[in-house]
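Structure file input-v9.cif; described as mmCIF, C-alpha atoms and all ligand atoms.
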data_start
#
loop_
_atom_site.group_PDB
_atom_site.id
_atom_site.type_symbol
_atom_site.label_atom_id
_atom_site.label_comp_id
_atom_site.auth_asym_id
_atom_site.auth_seq_id
_atom_site.Cartn_x
_atom_site.Cartn_y
_atom_site.Cartn_z
ATOM 1 C CA MET A 29 7.710 10.329 15.072
ATOM 2 C CA ARG A 30 10.697 8.207 15.828
ATOM 3 C CA HIS A 31 13.945 7.967 13.999
ATOM 4 C CA HIS A 32 14.281 5.212 11.556
ATOM 5 C CA THR A 33 16.041 2.262 13.106
ATOM 6 C CA HIS A 34 16.240 -1.291 11.953
ATOM 7 C CA ASP A 35 15.793 -2.912 15.315
ATOM 8 C CA ARG A 36 12.528 -1.482 16.526
ATOM 9 C CA GLY A 37 11.068 -3.626 19.260
ATOM 10 C CA ARG A 38 8.016 -4.943 17.476
ATOM 11 C CA LEU A 39 9.986 -5.715 14.323
ATOM 12 C CA ALA A 40 13.055 -7.183 15.955
ATOM 13 C CA GLY A 41 14.105 -10.214 13.986
ATOM 14 C CA ALA A 42 11.440 -9.724 11.315
ATOM 15 C CA GLU A 43 12.803 -10.531 7.894
ATOM 16 C CA GLU A 44 13.401 -7.645 5.552
ATOM 17 C CA VAL A 45 11.403 -8.135 2.354
ATOM 18 C CA VAL A 46 11.989 -4.801 0.614
ATOM 19 C CA ARG A 47 14.629 -2.113 1.013
ATOM 20 C CA ILE A 48 15.052 1.020 -1.067
ATOM 21 C CA SER A 49 18.145 3.159 -0.518
ATOM 22 C CA CYS A 50 18.581 6.507 -2.207
ATOM 23 C CA VAL A 51 17.245 5.519 -5.604
ATOM 24 C CA ARG A 52 17.218 7.990 -8.447
ATOM 25 C CA HIS A 53 15.216 7.615 -11.612
ATOM 26 C CA THR A 54 15.210 10.075 -14.486
ATOM 27 C CA TYR A 55 12.350 9.703 -16.938
ATOM 28 C CA GLU A 56 12.936 10.193 -20.670
ATOM 29 C CA ASP A 57 11.719 13.774 -20.585
ATOM 30 C CA GLY A 58 14.283 14.609 -17.909
ATOM 31 C CA THR A 59 11.943 14.500 -14.879
ATOM 32 C CA SER A 60 14.027 13.189 -12.025
ATOM 33 C CA VAL A 61 12.705 11.453 -8.910
ATOM 34 C CA HIS A 62 15.151 11.011 -6.044
ATOM 35 C CA LEU A 63 13.815 8.537 -3.482
ATOM 36 C CA CYS A 64 16.321 9.431 -0.848
ATOM 37 C CA GLY A 65 16.336 10.552 2.760
ATOM 38 C CA LEU A 66 15.212 7.622 4.906
ATOM 39 C CA ASP A 67 15.602 4.082 3.640
ATOM 40 C CA PHE A 68 12.270 2.503 2.786
ATOM 41 C CA LEU A 69 11.845 -0.853 4.489
ATOM 42 C CA ALA A 70 9.082 -3.433 4.491
ATOM 43 C CA HIS A 71 9.291 -6.442 6.811
ATOM 44 C CA ARG A 72 7.619 -9.813 6.432
ATOM 45 C CA GLY A 73 3.968 -9.675 7.413
ATOM 46 C CA ALA A 74 3.947 -5.883 7.720
ATOM 47 C CA ARG A 75 1.386 -3.587 6.161
ATOM 48 C CA VAL A 76 3.229 -0.515 4.985
ATOM 49 C CA ALA A 77 1.594 2.637 3.635
ATOM 50 C CA VAL A 78 3.274 5.075 1.246
ATOM 51 C CA LEU A 79 1.875 8.592 1.484
ATOM 52 C CA GLY A 80 2.696 11.784 -0.348
ATOM 53 C CA PRO A 81 1.286 14.410 -2.702
ATOM 54 C CA ASN A 82 0.558 13.886 -6.402
ATOM 55 C CA GLY A 83 3.762 13.504 -8.350
ATOM 56 C CA SER A 84 5.940 12.877 -5.281
ATOM 57 C CA GLY A 85 7.113 9.495 -6.559
ATOM 58 C CA LYS A 86 4.892 6.842 -4.981
ATOM 59 C CA THR A 87 4.195 5.014 -8.229
ATOM 60 C CA THR A 88 7.833 5.447 -9.278
ATOM 61 C CA MET A 89 8.880 3.808 -6.024
ATOM 62 C CA LEU A 90 6.485 0.877 -6.471
ATOM 63 C CA TYR A 91 7.712 0.403 -10.065
ATOM 64 C CA HIS A 92 11.228 -0.012 -8.708
ATOM 65 C CA ILE A 93 10.008 -2.699 -6.318
ATOM 66 C CA LEU A 94 8.387 -4.444 -9.292
ATOM 67 C CA GLY A 95 11.533 -4.261 -11.401
ATOM 68 C CA LEU A 96 9.695 -2.170 -14.008
ATOM 69 C CA LEU A 97 12.214 0.627 -13.536
ATOM 70 C CA LYS A 98 15.920 0.228 -13.037
ATOM 71 C CA PRO A 99 17.608 2.504 -10.506
ATOM 72 C CA GLN A 100 20.112 4.903 -11.974
ATOM 73 C CA GLU A 101 21.650 5.413 -8.566
ATOM 74 C CA GLY A 102 21.071 3.708 -5.245
ATOM 75 C CA GLN A 103 19.751 0.290 -4.432
ATOM 76 C CA VAL A 104 16.520 -1.686 -4.440
ATOM 77 C CA THR A 105 16.406 -5.096 -2.798
ATOM 78 C CA VAL A 106 13.365 -7.375 -2.834
ATOM 79 C CA PHE A 107 13.659 -10.846 -1.286
ATOM 80 C CA GLY A 108 17.404 -10.275 -1.262
ATOM 81 C CA VAL A 109 17.856 -9.545 -4.966
ATOM 82 C CA SER A 110 17.653 -6.611 -7.374
ATOM 83 C CA PRO A 111 14.178 -6.770 -8.928
ATOM 84 C CA SER A 112 15.169 -5.094 -12.203
ATOM 85 C CA GLU A 113 17.961 -7.623 -12.700
ATOM 86 C CA GLU A 114 16.446 -10.781 -11.284
ATOM 87 C CA TRP A 115 12.709 -10.334 -11.694
ATOM 88 C CA PRO A 116 12.102 -13.887 -12.984
ATOM 89 C CA THR A 117 13.430 -15.356 -9.724
ATOM 90 C CA ILE A 118 11.059 -13.377 -7.488
ATOM 91 C CA ARG A 119 7.976 -12.529 -9.556
ATOM 92 C CA ARG A 120 6.073 -15.629 -8.536
ATOM 93 C CA HIS A 121 6.029 -14.375 -4.964
ATOM 94 C CA ILE A 122 4.745 -10.916 -5.804
ATOM 95 C CA GLY A 123 1.197 -9.782 -6.531
ATOM 96 C CA VAL A 124 0.466 -6.353 -7.892
ATOM 97 C CA MET A 125 -2.407 -4.011 -8.559
ATOM 98 C CA LEU A 126 -1.350 -1.030 -10.648
ATOM 99 C CA GLN A 127 -2.814 2.444 -10.315
ATOM 100 C CA ASN A 128 -4.026 2.238 -13.912
ATOM 101 C CA VAL A 129 -5.759 -1.156 -13.897
ATOM 102 C CA ASP A 130 -6.596 -0.956 -17.592
ATOM 103 C CA GLU A 131 -2.939 -1.717 -18.281
ATOM 104 C CA GLN A 132 -3.322 -4.869 -16.289
ATOM 105 C CA LEU A 133 -6.523 -6.516 -17.522
ATOM 106 C CA LEU A 134 -5.852 -8.170 -20.845
ATOM 107 C CA ALA A 135 -7.744 -11.468 -21.103
ATOM 108 C CA PRO A 136 -11.135 -11.822 -22.840
ATOM 109 C CA THR A 137 -12.988 -12.800 -19.642
ATOM 110 C CA VAL A 138 -12.550 -12.092 -15.956
ATOM 111 C CA ILE A 139 -11.879 -15.734 -15.055
ATOM 112 C CA ASP A 140 -9.226 -16.007 -17.778
ATOM 113 C CA ASP A 141 -7.618 -12.844 -16.546
ATOM 114 C CA VAL A 142 -7.388 -14.075 -12.987
ATOM 115 C CA ALA A 143 -6.221 -17.534 -14.128
ATOM 116 C CA PHE A 144 -3.539 -15.977 -16.328
ATOM 117 C CA SER A 145 -0.662 -16.228 -13.847
ATOM 118 C CA PRO A 146 -1.469 -19.735 -12.608
ATOM 119 C CA ARG A 147 -1.588 -20.907 -16.230
ATOM 120 C CA GLN A 148 1.598 -19.069 -17.060
ATOM 121 C CA TYR A 149 3.367 -20.828 -14.227
ATOM 122 C CA GLY A 150 2.299 -24.080 -15.791
ATOM 123 C CA LEU A 151 -0.190 -25.236 -13.185
ATOM 124 C CA PRO A 152 -2.633 -27.879 -14.413
ATOM 125 C CA GLU A 153 -5.794 -26.324 -15.870
ATOM 126 C CA THR A 154 -8.051 -27.545 -13.040
ATOM 127 C CA GLU A 155 -5.764 -26.034 -10.427
ATOM 128 C CA ALA A 156 -5.401 -22.775 -12.357
ATOM 129 C CA ARG A 157 -9.181 -22.488 -12.487
ATOM 130 C CA GLU A 158 -9.591 -23.376 -8.854
ATOM 131 C CA ARG A 159 -7.060 -20.745 -7.878
ATOM 132 C CA ALA A 160 -8.832 -18.154 -9.993
ATOM 133 C CA GLU A 161 -12.207 -19.035 -8.495
ATOM 134 C CA ARG A 162 -10.801 -18.875 -4.988
ATOM 135 C CA ALA A 163 -9.252 -15.467 -5.652
ATOM 136 C CA LEU A 164 -12.519 -14.148 -7.109
ATOM 137 C CA ALA A 165 -14.386 -15.390 -4.034
ATOM 138 C CA LEU A 166 -11.823 -13.802 -1.709
ATOM 139 C CA VAL A 167 -12.453 -10.425 -3.341
ATOM 140 C CA GLY A 168 -16.217 -11.052 -3.469
ATOM 141 C CA ILE A 169 -16.672 -11.009 -7.244
ATOM 142 C CA GLY A 170 -17.426 -14.617 -8.135
ATOM 143 C CA HIS A 171 -20.449 -13.333 -10.068
ATOM 144 C CA LEU A 172 -18.207 -11.448 -12.508
ATOM 145 C CA ALA A 173 -16.288 -14.542 -13.664
ATOM 146 C CA ASP A 174 -17.681 -14.621 -17.211
ATOM 147 C CA ARG A 175 -17.799 -10.882 -17.864
ATOM 148 C CA VAL A 176 -15.529 -9.010 -20.263
ATOM 149 C CA PRO A 177 -13.039 -6.996 -18.150
ATOM 150 C CA HIS A 178 -13.184 -4.035 -20.524
ATOM 151 C CA ASN A 179 -16.921 -3.579 -19.862
ATOM 152 C CA LEU A 180 -16.693 -3.517 -16.076
ATOM 153 C CA SER A 181 -17.038 -0.473 -13.862
ATOM 154 C CA GLY A 182 -13.894 1.133 -12.477
ATOM 155 C CA GLY A 183 -14.323 -0.409 -9.029
ATOM 156 C CA GLU A 184 -15.081 -3.845 -10.503
ATOM 157 C CA LYS A 185 -11.928 -3.657 -12.622
ATOM 158 C CA ARG A 186 -9.838 -2.909 -9.553
ATOM 159 C CA LYS A 187 -11.283 -5.943 -7.813
ATOM 160 C CA VAL A 188 -10.475 -8.149 -10.812
ATOM 161 C CA ALA A 189 -6.909 -6.844 -10.804
ATOM 162 C CA LEU A 190 -6.693 -7.589 -7.104
ATOM 163 C CA ALA A 191 -8.022 -11.115 -7.592
ATOM 164 C CA GLY A 192 -5.361 -11.597 -10.286
ATOM 165 C CA ALA A 193 -2.737 -10.361 -7.848
ATOM 166 C CA LEU A 194 -3.860 -12.889 -5.245
ATOM 167 C CA ALA A 195 -4.224 -15.916 -7.515
ATOM 168 C CA MET A 196 -0.685 -17.168 -6.873
ATOM 169 C CA ASP A 197 -0.913 -16.538 -3.131
ATOM 170 C CA PRO A 198 1.936 -14.013 -3.137
ATOM 171 C CA GLU A 199 4.235 -13.304 -0.209
ATOM 172 C CA LEU A 200 4.399 -9.648 -1.170
ATOM 173 C CA LEU A 201 1.423 -7.639 -2.366
ATOM 174 C CA VAL A 202 1.991 -4.219 -3.937
ATOM 175 C CA LEU A 203 -1.079 -1.995 -4.307
ATOM 176 C CA ASP A 204 -1.013 1.415 -5.965
ATOM 177 C CA GLU A 205 -4.005 3.483 -4.764
ATOM 178 C CA PRO A 206 -6.224 0.428 -4.219
ATOM 179 C CA PHE A 207 -9.189 2.405 -2.857
ATOM 180 C CA GLU A 208 -9.567 4.704 -5.833
ATOM 181 C CA GLY A 209 -13.166 4.426 -6.994
ATOM 182 C CA LEU A 210 -14.265 1.879 -4.390
ATOM 183 C CA ASP A 211 -17.591 2.376 -2.619
ATOM 184 C CA PRO A 212 -17.534 2.396 1.218
ATOM 185 C CA THR A 213 -18.555 -1.253 1.565
ATOM 186 C CA SER A 214 -15.927 -2.432 -0.939
ATOM 187 C CA ARG A 215 -13.317 -0.263 0.724
ATOM 188 C CA GLY A 216 -14.176 -1.757 4.118
ATOM 189 C CA SER A 217 -14.021 -5.318 2.772
ATOM 190 C CA LEU A 218 -10.663 -4.611 1.137
ATOM 191 C CA LEU A 219 -9.285 -3.286 4.421
ATOM 192 C CA ASP A 220 -10.538 -6.408 6.218
ATOM 193 C CA LEU A 221 -9.096 -8.660 3.529
ATOM 194 C CA MET A 222 -5.696 -6.991 3.726
ATOM 195 C CA SER A 223 -5.534 -7.362 7.472
ATOM 196 C CA ASP A 224 -6.508 -11.063 7.207
ATOM 197 C CA LEU A 225 -3.864 -11.674 4.528
ATOM 198 C CA ALA A 226 -1.154 -10.050 6.613
ATOM 199 C CA ARG A 227 -2.179 -11.754 9.849
ATOM 200 C CA GLU A 228 -3.078 -15.225 8.655
ATOM 201 C CA ARG A 229 -0.657 -15.706 5.793
ATOM 202 C CA GLY A 230 2.147 -13.402 6.868
ATOM 203 C CA MET A 231 1.739 -11.523 3.609
ATOM 204 C CA THR A 232 3.732 -8.308 3.321
ATOM 205 C CA ILE A 233 1.563 -5.537 1.870
ATOM 206 C CA ILE A 234 2.812 -2.238 0.503
ATOM 207 C CA MET A 235 0.143 0.259 -0.431
ATOM 208 C CA SER A 236 0.276 3.799 -1.741
ATOM 209 C CA THR A 237 -2.793 5.848 -0.919
ATOM 210 C CA HIS A 238 -4.342 9.293 -0.611
ATOM 211 C CA ASP A 239 -7.052 7.782 1.570
ATOM 212 C CA ILE A 240 -5.676 9.059 4.836
ATOM 213 C CA ASN A 241 -8.547 7.642 6.876
ATOM 214 C CA SER A 242 -7.584 4.126 5.838
ATOM 215 C CA VAL A 243 -4.069 4.499 7.251
ATOM 216 C CA PRO A 244 -4.756 3.912 10.959
ATOM 217 C CA GLU A 245 -6.649 0.740 10.142
ATOM 218 C CA PHE A 246 -4.370 -0.493 7.384
ATOM 219 C CA ALA A 247 -0.848 0.373 8.319
ATOM 220 C CA ASP A 248 1.609 -1.015 10.823
ATOM 221 C CA TYR A 249 3.825 1.847 9.706
ATOM 222 C CA ALA A 250 3.963 4.415 6.947
ATOM 223 C CA TYR A 251 6.452 6.428 4.917
ATOM 224 C CA VAL A 252 5.769 9.938 3.747
ATOM 225 C CA LEU A 253 7.254 11.275 0.529
ATOM 226 C CA SER A 254 7.688 14.978 -0.026
ATOM 227 C CA PRO A 255 7.743 16.613 -3.467
ATOM 228 C CA GLY A 256 10.727 15.423 -5.533
ATOM 229 C CA GLY A 257 10.624 11.973 -3.953
ATOM 230 C CA LYS A 258 12.370 12.595 -0.657
ATOM 231 C CA ILE A 259 11.423 9.916 1.877
ATOM 232 C CA ALA A 260 10.812 12.458 4.580
ATOM 233 C CA MET A 261 9.009 10.752 7.430
ATOM 234 C CA TYR A 262 8.450 7.356 8.903
ATOM 235 C CA GLY A 263 6.373 6.133 11.819
ATOM 236 C CA THR A 264 3.295 4.339 13.034
ATOM 237 C CA PRO A 265 0.041 6.102 12.128
ATOM 238 C CA GLU A 266 -0.185 7.367 15.733
ATOM 239 C CA GLU A 267 3.340 8.779 15.570
ATOM 240 C CA LEU A 268 2.848 10.425 12.203
ATOM 241 C CA PHE A 269 -0.526 11.944 12.950
ATOM 242 C CA ALA A 270 0.843 13.438 16.133
ATOM 243 C CA ALA A 271 3.021 15.670 13.906
ATOM 244 C CA PRO A 272 0.458 17.544 11.761
ATOM 245 C CA ASP A 273 2.792 20.440 10.970
ATOM 246 C CA ALA A 274 5.459 18.153 9.530
ATOM 247 C CA LEU A 275 2.788 16.285 7.550
ATOM 248 C CA ALA A 276 1.514 19.561 6.132
ATOM 249 C CA THR A 277 4.836 20.053 4.303
ATOM 250 C CA SER A 278 3.960 16.873 2.380
ATOM 251 C CA ASN A 279 0.445 18.170 1.802
ATOM 252 C CA ILE A 280 -1.090 15.571 4.091
ATOM 253 C CA GLU A 281 -3.969 16.304 6.408
ATOM 254 C CA PRO A 282 -4.267 13.919 9.345
ATOM 255 C CA PRO A 283 -7.587 12.098 9.741
ATOM 256 C CA ILE A 284 -10.280 14.235 11.266
ATOM 257 C CA LEU A 285 -10.228 12.247 14.523
ATOM 258 C CA ALA A 286 -6.502 12.906 14.963
ATOM 259 C CA GLU A 287 -7.143 16.614 14.486
ATOM 260 C CA LEU A 288 -10.094 16.561 16.883
ATOM 261 C CA PHE A 289 -7.988 15.029 19.664
ATOM 262 C CA ALA A 290 -5.069 17.384 18.965
ATOM 263 C CA ARG A 291 -7.397 20.412 19.278
ATOM 264 C CA LEU A 292 -8.944 19.037 22.468
ATOM 265 C CA ARG A 293 -5.485 18.752 23.959
ATOM 266 C CA GLU A 294 -4.683 22.333 23.005
ATOM 267 C CA ARG A 295 -7.678 23.397 25.062
ATOM 268 C CA ASP A 296 -7.246 20.986 27.906
ATOM 269 C CA ALA A 297 -3.969 19.231 28.666
ATOM 270 C CA GLY A 298 -5.954 16.529 30.457
ATOM 271 C CA ALA A 299 -7.716 15.455 27.254
ATOM 272 C CA PRO A 300 -7.103 11.836 26.210
ATOM 273 C CA PRO A 301 -4.422 10.885 23.666
ATOM 274 C CA PRO A 302 -5.666 10.514 20.077
ATOM 275 C CA ALA A 303 -7.917 7.575 19.320
ATOM 276 C CA LEU A 304 -7.942 6.851 15.597
ATOM 277 C CA SER A 305 -11.083 4.761 15.241
ATOM 278 C CA VAL A 306 -14.582 5.961 16.080
ATOM 279 C CA ALA A 307 -15.040 3.097 18.565
ATOM 280 C CA ASP A 308 -11.796 3.943 20.385
ATOM 281 C CA ALA A 309 -12.654 7.638 20.331
ATOM 282 C CA VAL A 310 -16.050 6.979 21.928
ATOM 283 C CA ASP A 311 -14.393 4.907 24.669
ATOM 284 C CA ALA A 312 -11.692 7.509 25.299
ATOM 285 C CA LEU A 313 -14.151 10.408 25.440
ATOM 286 C CA ALA A 314 -16.627 8.520 27.626
ATOM 287 C CA GLU A 315 -13.857 7.686 30.063
ATOM 288 C CA TRP A 316 -12.653 11.284 30.085
ATOM 289 C CA LYS A 317 -16.183 12.497 30.759
ATOM 290 C CA GLY A 318 -16.481 9.962 33.577
ATOM 291 C CA GLN A 319 -13.374 11.443 35.206
ATOM 292 C CA ALA A 320 -14.798 14.960 34.905
ATOM 293 C CA ASP A 321 -18.171 14.057 36.458
HETATM 294 N N1 LIG A 401 6.506 8.163 -17.765
HETATM 295 C C1 LIG A 401 6.884 9.321 -17.220
HETATM 296 N N2 LIG A 401 7.584 10.240 -17.941
HETATM 297 C C2 LIG A 401 7.974 11.404 -17.388
HETATM 298 N N3 LIG A 401 7.750 11.746 -16.114
HETATM 299 C C3 LIG A 401 7.059 10.877 -15.344
HETATM 300 C C4 LIG A 401 6.593 9.626 -15.841
HETATM 301 N N4 LIG A 401 5.941 8.988 -14.863
HETATM 302 C C5 LIG A 401 6.009 9.799 -13.785
HETATM 303 N N5 LIG A 401 6.684 10.944 -14.077
HETATM 304 C C6 LIG A 401 6.982 12.074 -13.172
HETATM 305 O O1 LIG A 401 7.646 11.548 -12.027
HETATM 306 C C7 LIG A 401 7.189 12.185 -10.833
HETATM 307 C C8 LIG A 401 6.647 11.135 -9.882
HETATM 308 O O2 LIG A 401 5.480 10.551 -10.472
HETATM 309 P P1 LIG A 401 4.701 9.370 -9.774
HETATM 310 O O3 LIG A 401 3.731 8.859 -10.761
HETATM 311 O O4 LIG A 401 5.676 8.425 -9.200
HETATM 312 O O5 LIG A 401 3.969 10.164 -8.580
HETATM 313 P P2 LIG A 401 2.873 9.652 -7.541
HETATM 314 O O6 LIG A 401 3.391 10.029 -6.173
HETATM 315 O O7 LIG A 401 2.541 8.243 -7.782
HETATM 316 O O8 LIG A 401 1.631 10.610 -7.869
HETATM 317 P P3 LIG A 401 0.020 10.333 -7.786
HETATM 318 O O9 LIG A 401 -0.364 10.591 -6.367
HETATM 319 O O10 LIG A 401 -0.545 11.365 -8.692
HETATM 320 O O11 LIG A 401 -0.242 8.938 -8.240
HETATM 321 C C9 LIG A 401 6.173 13.230 -11.282
HETATM 322 O O12 LIG A 401 6.847 14.451 -11.375
HETATM 323 C C10 LIG A 401 5.737 12.747 -12.650
HETATM 324 O O13 LIG A 401 5.379 13.836 -13.468
HETATM 325 MG MG MG A 402 0.856 7.272 -8.349
#

Just give me the structure as structure tokens.
Amino acid sequence: MRHHTHDRGRLAGAEEVVRISCVRHTYEDGTSVHLCGLDFLAHRGARVAVLGPNGSGKTTMLYHILGLLKPQEGQVTVFGVSPSEEWPTIRRHIGVMLQNVDEQLLAPTVIDDVAFSPRQYGLPETEARERAERALALVGIGHLADRVPHNLSGGEKRKVALAGALAMDPELLVLDEPFEGLDPTSRGSLLDLMSDLARERGMTIIMSTHDINSVPEFADYAYVLSPGGKIAMYGTPEELFAAPDALATSNIEPPILAELFARLRERDAGAPPPALSVADAVDALAEWKGQAD
């Protein structure tokens, strides 16, 4: 795990899209979340994961990015402005999928729901519909267009919310636990879609998740919150998963492959460095075996 610097080689010059500095929010019942420690940063085109135990403040942090909460202390900057104060100037560039999608799906049919933003921004009806159809296709749910959102399964609802988030082709996509309730195929397609969006369109994607196995594939880098909201760790998936003891304080277990390679190294210092996908692990272990033979 490296220290948090703003001029890391691979990000040098990359535009800063989001920054959160020592933000405090106190909910009405007195519960206080202090998102302090490291600054949270997301650069243009980066896929950034937010990890941490239940109640550590992931959703609270994303709500600050979306201007839904106003910081009591500290600073939130999104596209150079304060989202809680200047939301109207930036909202068009931001797509969101909330953790509780039921709060998000309001129209009588799926297609109307996904076309809601394009219509709200005053696009001509044919374009609004085209955008909605394109977004549904991107998420693979064209067949749900005429269904009633309320009647859909949990996973289908999440996909509709995601299509709605993509309808305006946002520059920043904010996803709160996007994999919750998705079957393995849907989860895999969502991971592929996110990497295409980041690579081909330069979309910045911020995702909170408990799905630790998705992190190596999804994230360019990740932040780890500890209880109370402290932004405790930062690094690439490889860097973070190389520090299992530190992760344990945030109640995070590294992916099983990371643990496997760490244990192998404990036994044999010549074991290969961690490979975080099955394909890479097979290559690394085959090569290691070749050396031993
Ligand atoms: N509306 C609210 N009123 C009072 N307290 C709240 C409210 N929303 C969140 N909290 C509290 O703020 C803290 C952070 O909650 P938050 O929802 O941000 O956590 P989280 O990291 O997203 O958790 P999870 O992994 O369960 O989604 C928790 O202690 C929670 O109880
Ligand atoms: Mg949450």

Ligand LIG 401 (chain A): which residues are within 8 Å, counting only C-alpha atoms and all ligand atoms? Reply as number ranges by chain. A: 54-61, 79-89, 127, 204-205, 236-238, 253, 256-257

From A:Leu94, A:Leu203, A:Arg157, A:Ser110, residue lying nearest ligand MG 402 (chain A) [all atoms listed in the file]: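 Distance minimum relative to ligand MG 402 (chain A) lands on A:Leu203.
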
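Between Tyr91 in chain A and the candidates A:His62, A:Lys317, A:Arg229, A:His53, the tightest atom-to-atom separation, counting all atoms listed in the file, involves A:His53.
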
Quick one: distance from CA of Val106 in chain A to CA of Arg159 in chain A in Å, one decimal? 24.9 Å

Fewer than 4 positions away in the same chain doesn't count, so skip those; otherwise give me all residues within 12 Å of Glu114 in chain A, counting only C-alpha atoms, as a PyMOL selection string. chain A and resi 93-96+98+104-110+118-120

Would you save the residues from that selection as a compact mmCIF listing (two decimals), keeping the file's coordinate frame, using C-alpha atoms?
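Result file is result30.txt:
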# COMPACT_ATOMS: atom_id res chain seq x y z
CA ILE A 93 10.01 -2.70 -6.32
CA LEU A 94 8.39 -4.44 -9.29
CA GLY A 95 11.53 -4.26 -11.40
CA LEU A 96 9.70 -2.17 -14.01
CA LYS A 98 15.92 0.23 -13.04
CA VAL A 104 16.52 -1.69 -4.44
CA THR A 105 16.41 -5.10 -2.80
CA VAL A 106 13.36 -7.38 -2.83
CA PHE A 107 13.66 -10.85 -1.29
CA GLY A 108 17.40 -10.28 -1.26
CA VAL A 109 17.86 -9.54 -4.97
CA SER A 110 17.65 -6.61 -7.37
CA ILE A 118 11.06 -13.38 -7.49
CA ARG A 119 7.98 -12.53 -9.56
CA ARG A 120 6.07 -15.63 -8.54

Got a sec: who's within 10 Å of range 289-300 of chain A, counting all atoms listed in the file, leaving out chain neighbours fewer than 5 positions off, as a list in words? Phe269, Ala270, Ala271, Pro272, Ile284, Ala309, Ala312, Leu313, Glu315, Trp316 and Lys317 of chain A

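Of the listed residues (A:Phe144, A:Tyr149, A:Trp115, A:Tyr249), A:Tyr249 comes nearest to Ile233 in chain A; the distances count all atoms listed in the file.
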